[in-house]
2 protein chains.
Amino acid sequence: MSTNFLKSYLPILNWLPGYNRQSFTADGMAGLIVAIMLVPQGMAYALLAGLPPEVGLYASILPLVLYGLLGSSRALAVGPVAIVSLMVASTVGAFAENGSADYLTAAIMLAALSGVFLLAMGLMRLGFLVNFLSHPVISGFTSAAALVIGFSQLKHLLGFNIPRSHLITETIAHAVTHISQLNPVTFAIAAFSLGLLLFWKSKVPGLLKAAKVPDGIANPLSKAGPLVAVVLTTVSVWAFGLNGTAGVAIVGDIPAGLPPLSVPAFDIELARELLPAAILISLVGFLESVSVAKSLAAKRRQKIDANQELVALGAANIGAALTSGYAVTGGFSRSMVNFTAGAVTPLASIITAGLIALTVVLFTPLLYFLPKATLAAIIVVAVASLIDFKTAKESWAYNRADALSLVATFVAVLTLGVELGIVVGAAISIALYLWRTSRPHMAVVGRVGETEHFRNVLRHEVQTHPKLLTVRVDESLYFANTAYLEDQLLAHVADHPEIDHLVLIMNAVNFIDASALETLETLAQQLHDSGVTLHMAEVKGPVMDRLDRVDFAHHLGQGRIFLSTHEAVQSLTGGPRSLAA
Amino acid sequence: MSTNFLKSYLPILNWLPGYNRQSFTADGMAGLIVAIMLVPQGMAYALLAGLPPEVGLYASILPLVLYGLLGSSRALAVGPVAIVSLMVASTVGAFAENGSADYLTAAIMLAALSGVFLLAMGLMRLGFLVNFLSHPVISGFTSAAALVIGFSQLKHLLGFNIPRSHLITETIAHAVTHISQLNPVTFAIAAFSLGLLLFWKSKVPGLLKAAKVPDGIANPLSKAGPLVAVVLTTVSVWAFGLNGTAGVAIVGDIPAGLPPLSVPAFDIELARELLPAAILISLVGFLESVSVAKSLAAKRRQKIDANQELVALGAANIGAALTSGYAVTGGFSRSMVNFTAGAVTPLASIITAGLIALTVVLFTPLLYFLPKATLAAIIVVAVASLIDFKTAKESWAYNRADALSLVATFVAVLTLGVELGIVVGAAISIALYLWRTSRPHMAVVGRVGETEHFRNVLRHEVQTHPKLLTVRVDESLYFANTAYLEDQLLAHVADHPEIDHLVLIMNAVNFIDASALETLETLAQQLHDSGVTLHMAEVKGPVMDRLDRVDFAHHLGQGRIFLSTHEAVQSLTGGPRSLAA
């Protein structure tokens with residue numbers, strides 16, 4: 001028992017004992033490939049979050065080690081990701097000047113709060129909360145956030161300042177009206193980087209394969225597009241001094257060495273103001289992380305424990321806060337790369353962390369001339385793939401309510417900002433679900449020929465009986481649909497003054513809550529007062545168990561509960577199989 | 001068509017043409033009895049709302065006439081009611097000094113806003129919104145509000161000032177610590193009135209019946225308790241001059257004559273601040289009104305049109321605002337009295353209005369010496385019957401989640417106040433519903449003997465097949481339970497590495513939303529990747545129609561959709577009825 005308990009909280013105990021050289025080779029290769037992606041991405045996302053580039057690298061060391069020790073996924077690659085970075089920028093930007101010391105302090109505090117919140121959720125086993133974000137809401141949110149992120153990079157691509165705004169129309173308008181400020185060299189670097197990245201992404205893997213380059217070289221090489229862009233543009237800026245009169249913005253000094261371990265300054269007032277955003281960032285980050293972890297685990301018949309994931313991500317974020325990093329989570333594309341590159345255990349992540357640490361210690365001087373335009377191009381190419389109109393189209397074809405919540409979330413994010421947008425989207429999707437269940441499908445049914453089957457009178461050729469109405473209700477009965485049920489049934493009875501019996505067919509009713517129970521009792525009485533007896537048929541076992549607890553049969557009076565609709569009809573119309581009451 | 005249209009918006013056209021003398025006698029008697037109740041209640045509830053007593057009478061004239069013309073209920077008695085009065089007091093008390101001209105202005109404005117909101121809801125056919133208040137929430141709310149109302153009258157019963165508070169503990173603490181200020185004469189009047197009212201309510205109808213008093217006299221007499229208390233205590237105060245040195249608080253001057261028709265002063269700022277409360281008051285008032293209207297209509301196989309009720313109540317509240325009245329709705333007890341007294345058409349209400357108008361014109365001088373303690377006693381006796389612990393007990397036995405939402409609402413109203421309390425209660429009940437549906441009941445099933453029936457393996461002696469898992473899911477599939485479904489199914493598969501086929505039995509699934517659809521598609525792929533084929537059985541017609549729209553069968557790959565579980569098992573285990581793939 002205690003071993004299992006330990007294993008569930010320290011998943012490393014599951015894989016470390018059986019670790020071998022073969023696994024190490026696989027993990028080492030995956031760790032290297034992810035590190036090659038992560039160095040430029042980490043800096044780029046830090047830039048997106050409004051933070052110095054080294055913060056993105058710091059967030060890619062200790063958090064990865066902690067996740068590796070605690071996470072239940074074997075292939076998740078944790079670190080800075082685009083949407084969380086955008087949310088950090090949007091939150092912290094409201095409290096502190098971009099680039100100020102307060103800004104960094106607030107971002108670190110946000111990571112700490114997010115870590116504590118995730119950890120608390122995990123320990124309270126509240127992982128299920130994230131399920132209340134529907135896929136269309138997530139799709140609408142992601143597409144809109146990707147657009148906001150893309151346009152936020154316009155200033156780096158064009159080389160002149162554009163005030164931060166979540167309204168992309170404002171960003172575009174500002175860019176167009178100030179286009180005379182365009183820095184042509186910056187723009188050229190951006191265009192070159194974009195072209196290179198797109199070419200690398202779409203063509204290089206195929207070329208390497210055609211050239212029969214061995215996988216051990218081809219795999220890291222095919223993911224090295226960002227690194228190549230970084231190297232080429234950095235060298236160009238250095239060689240031609242483009243950061244001088246040409247005015248290309250560069251990354252500049254990055255402090256060498258590992259970040260010091262330090263407890264972040266705690267400001268209770270700031271913490272309270274940041275908390276709502278920290279909760280949203282945690283939920284969104286967790287959602288991205290757990291989705292990818294699940295889909296990777298399923299491919300190898302492994303299991304993901306959502307609550308353990310919360311604990312591990314919580315620890316990772318606390319680790320980020322302790323080492324001057326910012327909010328991290330499991331990223332979609334890097335995790336896919338880690339998995340396909342062959343990562344078999346979290347040691348791959350720990351190797352990545354080691355390589356990033358090495359970069360921070362040794363190579364930061366090399367990044368001095370790195371143009372911000374290159375990092376912006378890396379962001380734009382990364383988020384472009386997040387924009388997804390296919391889901392909107394498919395939802396429309398399948399179910400209008402889902403399409404509506406997708407579009408509403410998309411519009412809300414673009415007009416109200418990322419935080420409020422996702423809250424509005426989630427509320428709309430829940431409201432639409434409640435609305436749908438509040439108007440259950442109901443059908444008057446009749447007997448098909450001489451069979452024991454009963455079908456909708458509107459869809460099928462069936463027999464009915466003038467004194468008897470059989471109605472099937474296709475939804476669990478609860479407070480929001482109980483008035484509708486009552487209205488519909490009373491309307492049926494008012495429209496058919498000749499009937500003596502009403503049989504409610506309950507085979508699709510999975511639950512009856514107290515409001516619905518009371519309505520059924522009242523309904524039985526009301527129908528009785530107007531000369532109609534209410535019966536039921538095909539009540540499910542668990543539903544019947546509950547009804548028995550409150551002696552519901554008693555409330556039906558003369559009414560009865562039949563095992564099958566056929567039995568009900570036979571009995572009430574005096575058919576050959578009539579049973580004694 | 002146009003006649004039907006007119007009839008649906010002017011229900012009076014349904015009953016006026018066939019009106020006869022017999023109906024008039026019945027309506028006249030019911031109108032009289034309700035008027036006898038309404039004169040003291042109207043004044044008492046105005047007092048509860050913090051308004052001069054005549055405002056309660058004004059609210060009992062034009063609103064009743066308008067409801068009579070527009071309402072779809074034939075027996076609903078509209079006017080001031082306890083809970084709405086409490087909500088008016090709680091809202092307006094936050095904006096204006098009790099007893100000030102501003103207070104009255106704000107109360108009238110609140111009625112106007114409520115009227116416009118109800119009317120708009122009716123015209124937009126939003127009556128269904130009120131269904132999202134569950135019965136346990138309403139029960140918890142009503143019980144708590146009744147307690148708050150009862151304790152708010154303590155100051156009138158004891159004869160010394162107690163500051164208004166929604167915390168009854170504060171009210172009690174103040175009363176106890178200041179008990180030396182008790183006015184003994186006031187207290188005596190209160191005690192006498194309470195005794196008289198309770199005696200009248202419990203004993204007088206029986207005594208009248210025993211004495212064989214004819215119904216025409218016994219019926220009004222049995223409802224005349226409040227009137228008798230008013231007459232006896234008013235005469236006592238007048239005869240002994242108790243309003244002098246004895247210090248008994250009396251109603252005092254009531255302006256004689258009908259209220260002038262006047263458009264209320266409109267203050268946009270105030271309107272905006274009052275709007276949230278006006279919406280809540282409208283919803284709560286509508287809920288009380290439509291519940292009683294429905295239950296009365298059902299007894300005579302009549303129909304209530306919820307949206308027409310909104311229109312009629314909206315007009316009634318606008319009428320109240322135009323005649324210096326305050327918010328009204330259909331009251332539970334008075335409507336029951338109206339119905340049992342024999343009201344057959346809304347003319348009964350119009351007769352009641354006429355009698356109240358007559359009272360306002362002729363009899364207000366008689367009410368000068370009416371002690372406020374008597375009115376407080378009338379309120380206390382009226383609301384005592386609203387306190388309901390039975391529902392809490394029954395809910396606990398039937399379904400813990402319902403009991404929890406009842407208790408949470410009760411506690412929220414007592415600690416946070418009526419408005420916030422009901423909002424919190426509604427949110428909790430919706431959250432509990434979502435939580436329940438997010439963890440659907442799922443059962444691995446097996447074949448019962450040699451039959452075609454399949455039952456839960458945990459509950460029944462059934463046969464299963466080692467290569468095949470048949471799982472039934474008892475809930476519609478939507479975003480909140482789709483992750484749970486996926487986790488459960490993947491866990492089953494991970495626990496049974498030997499299986500080749502998973503059959504999902506869908507006969508209790510009434511709907512699949514886009515999130516669940518995507519999960520099923522992903523699941524099919526994930527299972528495929530791990531060597532298991534996903535199949536379905538017993539998919540309902542409307543669900544299948546939707547799945548066909550997006551060519552779902554294609555996503556199942558090798559998987560198939562079977563008409564019955566039996567067919568699935570036979571086919572997949574190579575039984576005698578195996579069908580070609």
# chains A, B, ... in the order shown; residues from 1 in each chain; ligands from 1

$ interface_residues --of "chain A" --to "chain B" --cutoff "6 Å" --atoms "only C-alpha atoms" --output "VMD selection string"
chain A and resid 131 to 132 134 to 135 298 to 299 479 to 480 508 515 526 529

$ residues_around --residues "stretch 382-389 of chain B" --least-positions-apart "5" --cutoff "9 Å" --atoms "only C-alpha atoms" --output "list in words"
Gln41, Ala82, Ile83, Ser139, Gly140, Thr142, Ser143, Ala144, Ala145, Ala146, Leu147, Ile149, Gly150, Ser333, Ala377 and Glu394 of chain B

$ residues_around --residues "stretch 359-370 of chain A" --least-positions-apart "4" --cutoff "10 Å" --atoms "only C-alpha atoms" --output "JSON, numbers by chain"
{"A": [35, 39, 40, 53, 54, 57, 58, 61, 229, 230, 231, 232, 233, 234, 235, 236, 237, 238, 239, 241, 242, 243, 248, 249, 250, 251, 252, 253, 254, 255, 256, 257, 258, 259, 353, 354, 355, 374, 375]}

$ write_last_selection --atoms "N, CA, C and O atoms" --output "short mmCIF file (atom, residue, chain, number, x, y, z; two decimals), in the first residue's frame"
data_model
loop_
_atom_site.label_atom_id
_atom_site.label_comp_id
_atom_site.auth_asym_id
_atom_site.auth_seq_id
_atom_site.Cartn_x
_atom_site.Cartn_y
_atom_site.Cartn_z
N ALA A 35 15.56 20.65 -26.65
CA ALA A 35 16.38 21.80 -26.24
C ALA A 35 16.66 22.72 -27.42
O ALA A 35 16.63 23.95 -27.29
N VAL A 39 15.39 26.67 -26.81
CA VAL A 39 16.21 27.87 -26.58
C VAL A 39 15.59 29.09 -27.29
O VAL A 39 15.26 30.08 -26.64
N PRO A 40 15.41 29.03 -28.61
CA PRO A 40 14.78 30.22 -29.24
C PRO A 40 13.33 30.44 -28.79
O PRO A 40 12.93 31.58 -28.56
N PRO A 53 14.49 38.14 -22.29
CA PRO A 53 14.56 36.79 -22.88
C PRO A 53 15.10 35.72 -21.93
O PRO A 53 14.67 34.57 -22.00
N GLU A 54 16.03 36.10 -21.03
CA GLU A 54 16.60 35.07 -20.15
C GLU A 54 15.55 34.46 -19.23
O GLU A 54 15.69 33.32 -18.79
N LEU A 57 14.38 31.34 -20.56
CA LEU A 57 15.35 30.25 -20.39
C LEU A 57 15.34 29.75 -18.95
O LEU A 57 15.38 28.53 -18.71
N TYR A 58 15.28 30.70 -17.98
CA TYR A 58 15.23 30.29 -16.57
C TYR A 58 14.02 29.39 -16.32
O TYR A 58 14.07 28.45 -15.54
N ILE A 61 14.41 25.44 -16.92
CA ILE A 61 15.40 24.59 -16.24
C ILE A 61 14.74 23.85 -15.06
O ILE A 61 14.25 22.74 -15.23
N ALA A 229 17.52 30.08 -38.01
CA ALA A 229 17.12 31.48 -38.20
C ALA A 229 17.85 32.36 -37.20
O ALA A 229 18.34 33.45 -37.54
N VAL A 230 17.92 31.89 -35.95
CA VAL A 230 18.59 32.65 -34.91
C VAL A 230 20.06 32.85 -35.27
O VAL A 230 20.58 33.97 -35.23
N VAL A 231 20.72 31.77 -35.66
CA VAL A 231 22.16 31.86 -35.95
C VAL A 231 22.41 32.79 -37.14
O VAL A 231 23.22 33.72 -37.07
N LEU A 232 21.66 32.59 -38.25
CA LEU A 232 21.90 33.38 -39.46
C LEU A 232 21.64 34.87 -39.22
O LEU A 232 22.44 35.72 -39.61
N THR A 233 20.52 35.19 -38.58
CA THR A 233 20.20 36.62 -38.40
C THR A 233 21.12 37.26 -37.37
O THR A 233 21.51 38.42 -37.51
N THR A 234 21.49 36.48 -36.32
CA THR A 234 22.39 37.04 -35.30
C THR A 234 23.74 37.37 -35.94
O THR A 234 24.31 38.46 -35.72
N VAL A 235 24.24 36.43 -36.73
CA VAL A 235 25.53 36.64 -37.39
C VAL A 235 25.45 37.85 -38.32
O VAL A 235 26.37 38.69 -38.36
N SER A 236 24.33 37.99 -39.06
CA SER A 236 24.17 39.13 -39.97
C SER A 236 24.23 40.45 -39.21
O SER A 236 24.91 41.39 -39.63
N VAL A 237 23.48 40.52 -38.13
CA VAL A 237 23.45 41.77 -37.35
C VAL A 237 24.85 42.10 -36.85
O VAL A 237 25.31 43.25 -36.93
N TRP A 238 25.55 41.06 -36.34
CA TRP A 238 26.90 41.26 -35.80
C TRP A 238 27.85 41.69 -36.92
O TRP A 238 28.56 42.69 -36.80
N ALA A 239 27.76 40.97 -38.05
CA ALA A 239 28.71 41.22 -39.14
C ALA A 239 28.54 42.61 -39.74
O ALA A 239 29.51 43.31 -40.02
N GLY A 241 26.76 45.15 -38.34
CA GLY A 241 26.46 46.19 -37.34
C GLY A 241 25.07 46.77 -37.50
O GLY A 241 24.86 47.97 -37.38
N LEU A 242 24.10 45.91 -37.80
CA LEU A 242 22.75 46.40 -38.10
C LEU A 242 22.04 47.01 -36.88
O LEU A 242 21.05 47.70 -37.02
N ASN A 243 22.56 46.71 -35.70
CA ASN A 243 21.96 47.30 -34.50
C ASN A 243 22.39 48.76 -34.32
O ASN A 243 21.90 49.44 -33.44
N VAL A 248 18.22 48.11 -35.87
CA VAL A 248 17.55 46.82 -35.61
C VAL A 248 17.59 46.54 -34.10
O VAL A 248 18.66 46.57 -33.50
N ALA A 249 16.40 46.29 -33.55
CA ALA A 249 16.33 46.00 -32.11
C ALA A 249 16.91 44.62 -31.84
O ALA A 249 16.57 43.65 -32.54
N ILE A 250 17.81 44.52 -30.86
CA ILE A 250 18.42 43.22 -30.55
C ILE A 250 18.15 42.86 -29.08
O ILE A 250 17.72 43.69 -28.29
N VAL A 251 18.43 41.60 -28.79
CA VAL A 251 18.19 41.10 -27.44
C VAL A 251 19.12 41.77 -26.44
O VAL A 251 18.73 42.09 -25.32
N GLY A 252 20.37 42.00 -26.80
CA GLY A 252 21.31 42.70 -25.94
C GLY A 252 21.88 41.82 -24.84
O GLY A 252 21.90 40.59 -24.97
N ASP A 253 22.31 42.46 -23.76
CA ASP A 253 22.98 41.74 -22.67
C ASP A 253 22.05 40.74 -22.00
O ASP A 253 20.94 41.09 -21.58
N ILE A 254 22.52 39.51 -21.91
CA ILE A 254 21.81 38.52 -21.11
C ILE A 254 22.77 38.11 -20.02
O ILE A 254 23.90 37.71 -20.32
N PRO A 255 22.36 38.23 -18.76
CA PRO A 255 23.29 37.87 -17.69
C PRO A 255 23.70 36.41 -17.84
O PRO A 255 22.86 35.54 -18.08
N ALA A 256 25.00 36.15 -17.72
CA ALA A 256 25.47 34.77 -17.82
C ALA A 256 25.30 34.06 -16.49
O ALA A 256 25.23 34.69 -15.44
N GLY A 257 25.18 32.75 -16.53
CA GLY A 257 25.09 31.97 -15.29
C GLY A 257 23.67 31.59 -14.95
O GLY A 257 22.71 32.15 -15.48
N LEU A 258 23.57 30.60 -14.07
CA LEU A 258 22.26 30.11 -13.66
C LEU A 258 21.55 31.16 -12.80
O LEU A 258 22.19 31.94 -12.12
N PRO A 259 20.20 31.16 -12.85
CA PRO A 259 19.46 32.11 -12.01
C PRO A 259 19.66 31.74 -10.54
O PRO A 259 19.75 30.56 -10.21
N ALA A 353 16.54 20.15 -19.70
CA ALA A 353 16.83 21.17 -18.68
C ALA A 353 18.33 21.36 -18.55
O ALA A 353 18.83 22.50 -18.46
N GLY A 354 19.08 20.25 -18.57
CA GLY A 354 20.54 20.34 -18.45
C GLY A 354 21.15 21.12 -19.62
O GLY A 354 22.04 21.96 -19.42
N LEU A 355 20.62 20.86 -20.82
CA LEU A 355 21.16 21.56 -22.00
C LEU A 355 20.83 23.05 -21.95
O LEU A 355 21.64 23.88 -22.35
N THR A 374 13.56 38.25 -35.26
CA THR A 374 13.64 36.81 -35.47
C THR A 374 12.78 36.06 -34.45
O THR A 374 12.05 35.12 -34.79
N LEU A 375 12.88 36.51 -33.20
CA LEU A 375 12.04 35.87 -32.16
C LEU A 375 10.56 36.06 -32.47
O LEU A 375 9.75 35.15 -32.31
#

$ select_by_dssp --residues "stretch 30-118 of chain B" --states "helix (DSSP H, G or I)" --output "ChimeraX atom specification"
/B:30-48,53-58,62-70,82-92,101-118

$ closest_residue --among "A:Met29, A:Leu51, A:Leu504, A:Val418" --to "A:Ile217" --atoms "only C-alpha atoms"
A:Met29

$ residues_around --residues "stretch 419-423 of chain A" --least-positions-apart "2" --cutoff "9 Å" --atoms "only C-alpha atoms" --output "PDB file with C-alpha atoms, in the first residue's frame"
ATOM      1  CA  MET A  87      -2.113  35.869 -20.623  1.00  0.00           C
ATOM      2  CA  SER A  90      -2.196  40.880 -20.540  1.00  0.00           C
ATOM      3  CA  THR A  91      -2.394  40.454 -16.751  1.00  0.00           C
ATOM      4  CA  LEU A 133     -14.441  24.165 -20.866  1.00  0.00           C
ATOM      5  CA  VAL A 137     -14.919  27.132 -26.430  1.00  0.00           C
ATOM      6  CA  ILE A 138     -11.271  26.052 -26.348  1.00  0.00           C
ATOM      7  CA  GLY A 140     -12.612  29.647 -30.322  1.00  0.00           C
ATOM      8  CA  PHE A 141     -10.371  30.810 -27.505  1.00  0.00           C
ATOM      9  CA  ALA A 277      -5.771  35.932 -13.510  1.00  0.00           C
ATOM     10  CA  LEU A 280      -7.429  31.472 -15.249  1.00  0.00           C
ATOM     11  CA  ILE A 281      -3.821  31.024 -16.375  1.00  0.00           C
ATOM     12  CA  ALA A 408     -19.096  33.701 -29.154  1.00  0.00           C
ATOM     13  CA  THR A 409     -15.821  32.813 -27.414  1.00  0.00           C
ATOM     14  CA  PHE A 410     -13.797  33.895 -30.444  1.00  0.00           C
ATOM     15  CA  VAL A 411     -15.578  37.242 -30.600  1.00  0.00           C
ATOM     16  CA  ALA A 412     -15.448  37.713 -26.830  1.00  0.00           C
ATOM     17  CA  VAL A 413     -11.677  37.155 -26.720  1.00  0.00           C
ATOM     18  CA  LEU A 414     -11.108  39.607 -29.566  1.00  0.00           C
ATOM     19  CA  THR A 415     -13.350  42.280 -28.072  1.00  0.00           C
ATOM     20  CA  LEU A 416     -13.104  41.778 -24.309  1.00  0.00           C
ATOM     21  CA  GLY A 417      -9.589  40.339 -23.997  1.00  0.00           C
ATOM     22  CA  GLY A 425     -17.288  31.597 -23.570  1.00  0.00           C
ATOM     23  CA  ALA A 426     -17.491  29.033 -20.770  1.00  0.00           C
ATOM     24  CA  ALA A 427     -20.627  30.687 -19.369  1.00  0.00           C
ATOM     25  CA  ILE A 428     -22.294  30.681 -22.787  1.00  0.00           C
TER      26      ILE A 428
END

$ residues_around --residues "stretch 72-79 of chain B" --least-positions-apart "3" --cutoff "6 Å" --atoms "only C-alpha atoms" --output "PDB file with N, CA and C atoms, in the first residue's frame"
ATOM      1  N   PRO B  11     -56.945  37.933 -22.832  1.00  0.00           N
ATOM      2  CA  PRO B  11     -57.702  36.744 -22.443  1.00  0.00           C
ATOM      3  C   PRO B  11     -59.152  37.047 -22.035  1.00  0.00           C
ATOM      4  N   SER B  60     -53.179  47.834  -4.731  1.00  0.00           N
ATOM      5  CA  SER B  60     -54.215  46.803  -4.801  1.00  0.00           C
ATOM      6  C   SER B  60     -55.419  47.243  -5.619  1.00  0.00           C
ATOM      7  N   LEU B  64     -54.691  45.203 -10.046  1.00  0.00           N
ATOM      8  CA  LEU B  64     -55.639  44.093 -10.093  1.00  0.00           C
ATOM      9  C   LEU B  64     -56.517  44.173 -11.337  1.00  0.00           C
ATOM     10  N   ALA B 293     -50.615  30.083 -10.172  1.00  0.00           N
ATOM     11  CA  ALA B 293     -51.542  30.131 -11.307  1.00  0.00           C
ATOM     12  C   ALA B 293     -51.636  28.773 -11.991  1.00  0.00           C
ATOM     13  N   ILE B 304     -52.153  27.775 -18.507  1.00  0.00           N
ATOM     14  CA  ILE B 304     -51.525  29.058 -18.197  1.00  0.00           C
ATOM     15  C   ILE B 304     -50.462  29.306 -19.258  1.00  0.00           C
ATOM     16  N   VAL B 328     -45.943  44.439  -7.196  1.00  0.00           N
ATOM     17  CA  VAL B 328     -46.987  43.457  -6.877  1.00  0.00           C
ATOM     18  C   VAL B 328     -46.714  42.160  -7.643  1.00  0.00           C
ATOM     19  N   THR B 329     -47.370  41.115  -7.184  1.00  0.00           N
ATOM     20  CA  THR B 329     -47.352  39.861  -7.935  1.00  0.00           C
ATOM     21  C   THR B 329     -48.540  39.015  -7.483  1.00  0.00           C
ATOM     22  N   GLY B 330     -48.725  37.850  -8.096  1.00  0.00           N
ATOM     23  CA  GLY B 330     -49.799  36.965  -7.674  1.00  0.00           C
ATOM     24  C   GLY B 330     -49.385  36.271  -6.394  1.00  0.00           C
ATOM     25  N   ARG B 334     -53.615  34.327  -1.000  1.00  0.00           N
ATOM     26  CA  ARG B 334     -54.826  35.022  -1.462  1.00  0.00           C
ATOM     27  C   ARG B 334     -55.405  34.374  -2.713  1.00  0.00           C
ATOM     28  N   SER B 335     -54.523  33.876  -3.597  1.00  0.00           N
ATOM     29  CA  SER B 335     -55.034  33.220  -4.810  1.00  0.00           C
ATOM     30  C   SER B 335     -55.763  31.933  -4.455  1.00  0.00           C
ATOM     31  N   PHE B 339     -59.635  31.236  -5.260  1.00  0.00           N
ATOM     32  CA  PHE B 339     -60.049  30.043  -5.999  1.00  0.00           C
ATOM     33  C   PHE B 339     -61.080  29.245  -5.214  1.00  0.00           C
ATOM     34  N   ALA B 343     -64.032  31.983  -7.281  1.00  0.00           N
ATOM     35  CA  ALA B 343     -63.769  32.875  -8.416  1.00  0.00           C
ATOM     36  C   ALA B 343     -63.707  32.060  -9.701  1.00  0.00           C
ATOM     37  N   THR B 345     -63.776  33.847 -12.931  1.00  0.00           N
ATOM     38  CA  THR B 345     -63.140  34.683 -13.943  1.00  0.00           C
ATOM     39  C   THR B 345     -62.363  35.800 -13.249  1.00  0.00           C
ATOM     40  N   PRO B 346     -61.536  36.509 -14.009  1.00  0.00           N
ATOM     41  CA  PRO B 346     -60.777  37.621 -13.419  1.00  0.00           C
ATOM     42  C   PRO B 346     -61.663  38.763 -12.949  1.00  0.00           C
TER      43      PRO B 346
END

$ atom_distance --atom1 "atom CA of A:Leu358" --atom2 "atom CA of A:Pro260"
14.9 Å

$ residues_around --residues "stretch 563-568 of chain A" --least-positions-apart "4" --cutoff "7 Å" --atoms "only C-alpha atoms" --output "MDAnalysis selection string"
chainID A and resid 452 505 537:538 572

$ write_last_selection --atoms "N, CA and C atoms" --output "short mmCIF file (atom, residue, chain, number, x, y, z; two decimals), in the first residue's frame"
data_model
loop_
_atom_site.label_atom_id
_atom_site.label_comp_id
_atom_site.auth_asym_id
_atom_site.auth_seq_id
_atom_site.Cartn_x
_atom_site.Cartn_y
_atom_site.Cartn_z
N GLU A 452 -44.13 -5.57 -29.93
CA GLU A 452 -44.08 -4.94 -28.61
C GLU A 452 -43.29 -3.63 -28.67
N ILE A 505 -43.20 7.17 -20.54
CA ILE A 505 -42.19 6.14 -20.79
C ILE A 505 -40.82 6.71 -20.41
N ALA A 537 -43.78 3.74 -17.24
CA ALA A 537 -43.30 2.46 -17.76
C ALA A 537 -41.80 2.56 -18.00
N GLU A 538 -41.13 1.39 -17.90
CA GLU A 538 -39.69 1.28 -18.21
C GLU A 538 -38.82 2.21 -17.37
N LEU A 572 -53.98 -1.39 -19.60
CA LEU A 572 -54.89 -0.26 -19.48
C LEU A 572 -55.98 -0.25 -20.54
#

$ residues_around --residues "A:Ile179" --least-positions-apart "2" --cutoff "12 Å" --atoms "only C-alpha atoms" --output "PyMOL selection string"
chain A and resi 154-155+157-162+171-177+181-184+187

$ atom_distance --atom1 "atom CA of A:Met506" --atom2 "atom CA of B:Val448"
22.2 Å

$ closest_residue --among "B:Gln558, B:Ile279, B:Tyr326, B:Val148" --to "B:Pro52" --atoms "only C-alpha atoms"
B:Tyr326
